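**Q** Structure file run09.cif (mmCIF, C-alpha atoms and all ligand atoms) is given on the next line.
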```cif
data_target
#
loop_
_atom_site.group_PDB
_atom_site.id
_atom_site.type_symbol
_atom_site.label_atom_id
_atom_site.label_comp_id
_atom_site.auth_asym_id
_atom_site.auth_seq_id
_atom_site.Cartn_x
_atom_site.Cartn_y
_atom_site.Cartn_z
ATOM 1 C CA MET A 1 89.228 200.921 115.424
ATOM 2 C CA ASN A 2 86.031 202.970 115.401
ATOM 3 C CA ASN A 3 86.536 204.852 118.623
ATOM 4 C CA ASN A 4 86.719 208.553 117.789
ATOM 5 C CA ILE A 5 83.665 210.551 118.738
ATOM 6 C CA ILE A 6 82.761 214.194 118.927
ATOM 7 C CA ILE A 7 80.240 215.761 121.286
ATOM 8 C CA ILE A 8 78.903 218.959 119.728
ATOM 9 C CA ASN A 9 77.133 221.508 121.923
ATOM 10 C CA GLY A 10 75.091 224.407 120.611
ATOM 11 C CA PRO A 11 74.331 227.917 121.856
ATOM 12 C CA ASN A 12 74.237 228.826 125.541
ATOM 13 C CA LEU A 13 75.338 225.392 126.737
ATOM 14 C CA ASN A 14 78.600 227.033 127.804
ATOM 15 C CA LEU A 15 76.459 228.776 130.455
ATOM 16 C CA LEU A 16 75.350 225.541 132.127
ATOM 17 C CA GLY A 17 75.413 225.891 135.889
ATOM 18 C CA ASP A 18 74.266 229.526 135.604
ATOM 19 C CA ARG A 19 71.344 229.219 133.215
ATOM 20 C CA GLU A 20 67.836 228.026 134.116
ATOM 21 C CA GLN A 21 68.820 225.500 136.760
ATOM 22 C CA SER A 22 65.199 224.312 136.932
ATOM 23 C CA GLN A 23 65.627 222.957 133.383
ATOM 24 C CA TYR A 24 69.313 222.104 133.230
ATOM 25 C CA GLY A 25 70.384 221.418 136.817
ATOM 26 C CA SER A 26 73.438 222.811 138.536
ATOM 27 C CA ILE A 27 76.161 220.978 136.616
ATOM 28 C CA THR A 28 78.567 223.373 134.901
ATOM 29 C CA TYR A 29 79.781 223.029 131.333
ATOM 30 C CA GLU A 30 83.304 222.257 132.614
ATOM 31 C CA GLU A 31 82.030 219.541 134.993
ATOM 32 C CA LEU A 32 79.985 218.005 132.190
ATOM 33 C CA LYS A 33 83.021 218.013 129.926
ATOM 34 C CA LEU A 34 85.210 216.342 132.581
ATOM 35 C CA ASN A 35 82.539 213.680 133.246
ATOM 36 C CA CYS A 36 82.339 212.923 129.515
ATOM 37 C CA ILE A 37 86.121 212.692 129.161
ATOM 38 C CA SER A 38 86.295 210.341 132.150
ATOM 39 C CA LYS A 39 83.499 208.034 130.885
ATOM 40 C CA SER A 40 85.002 207.967 127.394
ATOM 41 C CA LYS A 41 88.432 207.023 128.768
ATOM 42 C CA GLU A 42 86.870 204.205 130.762
ATOM 43 C CA LEU A 43 85.271 202.853 127.564
ATOM 44 C CA GLY A 44 88.357 203.352 125.411
ATOM 45 C CA LEU A 45 86.819 206.119 123.309
ATOM 46 C CA ASN A 46 88.662 209.249 122.192
ATOM 47 C CA ILE A 47 86.391 212.241 122.476
ATOM 48 C CA GLU A 48 86.441 215.812 121.371
ATOM 49 C CA PHE A 49 84.077 218.131 123.236
ATOM 50 C CA ALA A 50 83.054 221.164 121.174
ATOM 51 C CA GLN A 51 80.725 224.114 121.727
ATOM 52 C CA SER A 52 79.680 227.073 119.638
ATOM 53 C CA ASN A 53 77.060 229.778 119.775
ATOM 54 C CA ILE A 54 77.328 230.199 115.994
ATOM 55 C CA GLU A 55 75.237 228.077 113.637
ATOM 56 C CA GLY A 56 77.791 228.051 110.795
ATOM 57 C CA GLU A 57 80.541 226.884 113.170
ATOM 58 C CA ILE A 58 78.377 223.917 114.155
ATOM 59 C CA VAL A 59 77.871 223.113 110.462
ATOM 60 C CA ASN A 60 81.673 223.257 110.087
ATOM 61 C CA PHE A 61 82.179 220.937 113.106
ATOM 62 C CA ILE A 62 79.806 218.426 111.468
ATOM 63 C CA GLN A 63 81.433 218.683 108.030
ATOM 64 C CA ASP A 64 84.917 218.318 109.544
ATOM 65 C CA SER A 65 83.696 215.223 111.421
ATOM 66 C CA ILE A 66 82.983 213.276 108.230
ATOM 67 C CA ASN A 67 86.584 212.133 107.815
ATOM 68 C CA LYS A 68 87.676 212.530 111.434
ATOM 69 C CA PHE A 69 85.068 210.907 113.693
ATOM 70 C CA ASP A 70 83.178 207.619 113.850
ATOM 71 C CA GLY A 71 80.163 209.033 115.687
ATOM 72 C CA ILE A 72 78.554 212.329 116.636
ATOM 73 C CA ILE A 73 76.652 213.142 119.834
ATOM 74 C CA ILE A 74 74.897 216.469 119.360
ATOM 75 C CA ASN A 75 72.997 218.802 121.632
ATOM 76 C CA ALA A 76 72.170 221.454 119.046
ATOM 77 C CA ALA A 77 70.312 223.428 121.771
ATOM 78 C CA ALA A 78 68.017 226.110 120.296
ATOM 79 C CA PHE A 79 69.249 225.355 116.751
ATOM 80 C CA THR A 80 67.517 221.963 117.073
ATOM 81 C CA HIS A 81 64.251 223.746 116.492
ATOM 82 C CA THR A 82 65.334 226.101 113.714
ATOM 83 C CA SER A 83 68.328 224.953 111.721
ATOM 84 C CA ILE A 84 67.857 223.314 108.331
ATOM 85 C CA ALA A 85 71.599 223.893 107.770
ATOM 86 C CA ILE A 86 72.542 221.697 110.760
ATOM 87 C CA ARG A 87 70.013 219.076 109.678
ATOM 88 C CA ASP A 88 71.436 219.043 106.128
ATOM 89 C CA ALA A 89 75.010 218.711 107.429
ATOM 90 C CA LEU A 90 74.011 215.801 109.708
ATOM 91 C CA SER A 91 72.337 214.081 106.737
ATOM 92 C CA VAL A 92 75.728 213.867 105.034
ATOM 93 C CA PHE A 93 77.330 212.095 108.030
ATOM 94 C CA LYS A 94 76.711 208.412 107.338
ATOM 95 C CA LYS A 95 77.781 207.058 110.741
ATOM 96 C CA PRO A 96 75.955 206.942 114.120
ATOM 97 C CA ILE A 97 74.504 210.213 115.428
ATOM 98 C CA ILE A 98 72.835 210.634 118.829
ATOM 99 C CA GLU A 99 70.603 213.661 119.463
ATOM 100 C CA LEU A 100 70.717 214.817 123.051
ATOM 101 C CA HIS A 101 68.766 217.250 125.212
ATOM 102 C CA ILE A 102 69.275 217.810 128.915
ATOM 103 C CA SER A 103 65.654 218.861 129.456
ATOM 104 C CA ASN A 104 62.491 217.154 128.258
ATOM 105 C CA ILE A 105 61.772 219.359 125.249
ATOM 106 C CA TYR A 106 58.267 217.832 124.930
ATOM 107 C CA LYS A 107 57.274 219.070 128.407
ATOM 108 C CA ARG A 108 58.286 222.628 127.575
ATOM 109 C CA GLU A 109 57.051 225.406 125.254
ATOM 110 C CA LYS A 110 55.412 224.282 122.033
ATOM 111 C CA PHE A 111 58.200 225.721 119.875
ATOM 112 C CA ARG A 112 60.605 223.199 121.463
ATOM 113 C CA HIS A 113 58.440 220.194 120.569
ATOM 114 C CA LYS A 114 59.688 220.176 116.990
ATOM 115 C CA SER A 115 63.192 218.918 116.334
ATOM 116 C CA LEU A 116 64.449 219.391 112.777
ATOM 117 C CA ILE A 117 67.118 216.741 113.303
ATOM 118 C CA SER A 118 65.342 213.786 114.951
ATOM 119 C CA ASP A 119 64.593 212.027 111.670
ATOM 120 C CA VAL A 120 68.180 212.198 110.402
ATOM 121 C CA VAL A 121 69.839 210.813 113.574
ATOM 122 C CA THR A 122 70.257 207.253 114.807
ATOM 123 C CA GLY A 123 68.500 207.866 118.128
ATOM 124 C CA GLY A 124 67.999 210.341 120.905
ATOM 125 C CA ILE A 125 68.027 211.003 124.641
ATOM 126 C CA PHE A 126 66.113 213.810 126.359
ATOM 127 C CA GLY A 127 64.975 214.842 129.816
ATOM 128 C CA LEU A 128 67.580 212.923 131.809
ATOM 129 C CA GLY A 129 69.726 215.885 132.814
ATOM 130 C CA GLY A 130 73.499 215.883 132.530
ATOM 131 C CA ASP A 131 73.441 212.083 132.871
ATOM 132 C CA GLY A 132 72.083 212.030 129.314
ATOM 133 C CA TYR A 133 75.614 212.757 128.101
ATOM 134 C CA ILE A 134 76.976 209.704 129.912
ATOM 135 C CA LEU A 135 74.141 207.527 128.583
ATOM 136 C CA ALA A 136 74.810 208.830 125.075
ATOM 137 C CA ILE A 137 78.502 207.911 125.374
ATOM 138 C CA ILE A 138 77.592 204.379 126.533
ATOM 139 C CA SER A 139 75.121 203.998 123.637
ATOM 140 C CA MET A 140 77.617 205.347 121.125
ATOM 141 C CA HIS A 141 80.217 202.882 122.397
ATOM 142 C CA LYS A 142 77.726 200.056 121.808
ATOM 143 C CA LEU A 143 76.771 201.349 118.372
ATOM 144 C CA LEU A 144 80.426 201.525 117.350
ATOM 145 C CA SER A 145 81.164 198.048 118.749
ATOM 146 C CA ASN A 146 78.033 196.646 117.025
ATOM 147 C CA GLU A 147 76.782 195.516 120.444
ATOM 148 C CA ASN A 148 73.434 197.263 120.240
HETATM 149 C C1 LIG B 201 68.262 221.937 125.056
HETATM 150 C C2 LIG B 201 66.786 222.219 124.805
HETATM 151 C C3 LIG B 201 66.611 223.364 123.826
HETATM 152 O O1 LIG B 201 65.238 223.611 123.579
HETATM 153 C C4 LIG B 201 67.235 224.635 124.368
HETATM 154 O O2 LIG B 201 67.148 225.688 123.433
HETATM 155 C C5 LIG B 201 68.636 224.429 124.841
HETATM 156 C C6 LIG B 201 69.015 223.182 125.481
HETATM 157 C C7 LIG B 201 68.460 220.872 126.164
HETATM 158 O O3 LIG B 201 69.585 220.389 126.283
HETATM 159 O O4 LIG B 201 67.536 220.579 126.912
HETATM 160 O O5 LIG B 201 69.447 225.355 124.772
HETATM 161 O O6 LIG B 201 68.821 221.402 123.873
#
```
In structure tokens, how does this file's structure come out?
**A**
Amino acid sequence: MNNNIIIINGPNLNLLGDREQSQYGSITYEELKLNCISKSKELGLNIEFAQSNIEGEIVNFIQDSINKFDGIIINAAAFTHTSIAIRDALSVFKKPIIELHISNIYKREKFRHKSLISDVVTGGIFGLGGDGYILAIISMHKLLSNEN
């Protein structure tokens, strides 16, 4: 069964709840994680929820996912706009990938308008707050069940 997914979170997302509430809302990282675990359980998905502030660790999470997970949901945070290494690692993962952003990166500073990963992922969600994670899990479930 294709039901193992990983949600990878990049730098500073561990500070959710404290950081820039006008962009990211008041949900904490722990609350977000619990919501994702609960939605995944409901849909019969096994999820791993990972976070790192270190670019190379995110590359390692992606590489380790190749033989371990059926889909990746990634909020690469600031590395979205800078990391060729994360883009290259995602290009090697030949299964569904969903790019996720809590805020609408296109309504923000110009340097956030460019994502280096959008053209190597299956699809993306942005600007819908913490709910974006739940929507991404539902979409990933459909992608893995070939219901999309
Ligand atoms: C973010 C948007 C990025 O531009 C920013 O650097 C983040 C979070 C989002 O979820 O909206 O850290 O990926």
**Q** I'd like the residues picked by the PyMOL selection byres (((chain A and resi 134-140) around 8) and not hetatm) written out as a ChimeraX atom specification, using the chain letters and numbers from the file.
**A** /A:35-36,39-40,43,71,73,96,98,100,125,130-133,141-144,148
**Q** Next, the residues of the selection above should be written as a PDB file, in the frame of the given file with C-alpha atoms.
**A**
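That gives us selection-v1.pdb:
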```pdb
ATOM      1  CA  ASN A  35      82.539 213.680 133.246  1.00  0.00           C
ATOM      2  CA  CYS A  36      82.339 212.923 129.515  1.00  0.00           C
ATOM      3  CA  LYS A  39      83.499 208.034 130.885  1.00  0.00           C
ATOM      4  CA  SER A  40      85.002 207.967 127.394  1.00  0.00           C
ATOM      5  CA  LEU A  43      85.271 202.853 127.564  1.00  0.00           C
ATOM      6  CA  GLY A  71      80.163 209.033 115.687  1.00  0.00           C
ATOM      7  CA  ILE A  73      76.652 213.142 119.834  1.00  0.00           C
ATOM      8  CA  PRO A  96      75.955 206.942 114.120  1.00  0.00           C
ATOM      9  CA  ILE A  98      72.835 210.634 118.829  1.00  0.00           C
ATOM     10  CA  LEU A 100      70.717 214.817 123.051  1.00  0.00           C
ATOM     11  CA  ILE A 125      68.027 211.003 124.641  1.00  0.00           C
ATOM     12  CA  GLY A 130      73.499 215.883 132.530  1.00  0.00           C
ATOM     13  CA  ASP A 131      73.441 212.083 132.871  1.00  0.00           C
ATOM     14  CA  GLY A 132      72.083 212.030 129.314  1.00  0.00           C
ATOM     15  CA  TYR A 133      75.614 212.757 128.101  1.00  0.00           C
ATOM     16  CA  HIS A 141      80.217 202.882 122.397  1.00  0.00           C
ATOM     17  CA  LYS A 142      77.726 200.056 121.808  1.00  0.00           C
ATOM     18  CA  LEU A 143      76.771 201.349 118.372  1.00  0.00           C
ATOM     19  CA  LEU A 144      80.426 201.525 117.350  1.00  0.00           C
ATOM     20  CA  ASN A 148      73.434 197.263 120.240  1.00  0.00           C
TER      21      ASN A 148
END
```
**Q** So which one's closest to ligand LIG 201 (chain B), A:Ile54, A:Ile102, A:Ile117, A:Leu34? Using all atoms listed in the file, please.
**A**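 Among the listed residues, A:Ile102 lies closest to ligand LIG 201 (chain B).
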**Q** Please determine, counting all atoms listed in the file, which residue among A:Lys107, A:Arg19, A:Lys68, A:Lys94 has the shortest atom-to-atom distance to Thr122 in chain A.
**A**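 The answer is A:Lys94, which sits nearest to Thr122 in chain A.
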**Q** For Ala50 in chain A, please output as a PyMOL selection string all residues within 8 Å (counting all atoms listed in the file; exclusion window: fewer than 5 positions along the same chain).
**A** chain A and resi 6-9
**Q** Grab the residues selected above and save them as a JSON list (two decimals), in the frame of the given file with C-alpha atoms.
**A**
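Contents of again.json, as written:
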```json
[["chain", "number", "residue", "atom", "x", "y", "z"],
["A", 6, "ILE", "CA", 82.76, 214.19, 118.93],
["A", 7, "ILE", "CA", 80.24, 215.76, 121.29],
["A", 8, "ILE", "CA", 78.90, 218.96, 119.73],
["A", 9, "ASN", "CA", 77.13, 221.51, 121.92]]
```
**Q** Once the PyMOL selection byres (((chain A and resi 70) around 6) and not hetatm) is applied to the coordinates I shared, what remains selected? I want it as a PyMOL selection string.
**A** chain A and resi 2+4-5+69+71
**Q** List all protein, DNA and RNA residues that have at least one atom no more than 10 Å from any atom of ligand LIG 201 (chain B), counting all atoms listed in the file, and write them as number ranges by chain.
**A** A: 9-16, 19-20, 23-24, 74-82, 99-106, 108-115, 125-130, 132-133
**Q** One decimal, Å: what's the distance from CA of Gly124 in chain A over to CA of Leu90 in chain A, could you say?
**A**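 Spanning CA of Gly124 in chain A to CA of Leu90 in chain A is a straight-line distance of 13.8 Å.
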**Q** Find, counting all atoms listed in the file, the residue in A:Gln21, A:Ser91, A:Gln51, A:Ser145 that gets nearest to Lys33 in chain A.
**A** A:Gln51
**Q** If I wrap all listed atoms of range 36-42 of chain A in a box with edges along x, y and z and add 4 Å on each side, what are its centre and edge lengths in Å to one decimal, as AutoDock Vina command-line options?
**A**
```
--center_x 85.4 --center_y 208.6 --center_z 129.8 --size_x 14.1 --size_y 16.7 --size_z 12.8
```
**Q** Hey, which of A:Ser38, A:Ser83, A:Ser22, A:Asn46 ends up closest to Val59 in chain A? Count all atoms listed in the file.
**A** A:Ser83
**Q** Report, in Å to a single decimal, how far apart CA of Glu48 in chain A and CA of Asp88 in chain A are.
**A**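 Separation of CA of Asp88 in chain A and CA of Glu48 in chain A: 21.6 Å.
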**Q** Go through A:Ala85, A:Ile72, A:Ile62, A:Val92 and flag the residue nearest Ile47 in chain A, using all atoms listed in the file for the distances.
**A** A:Ile72
**Q** Considering all atoms listed in the file, can you say which of A:Gly56, A:Gly123, A:Gly44, A:Gly17 comes closest to Glu30 in chain A?
**A** A:Gly17
**Q** One decimal, Å: what's the distance from CA of Ile37 in chain A over to CA of Leu116 in chain A, could you say?
**A**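 Spanning CA of Ile37 in chain A to CA of Leu116 in chain A is a straight-line distance of 28.0 Å.
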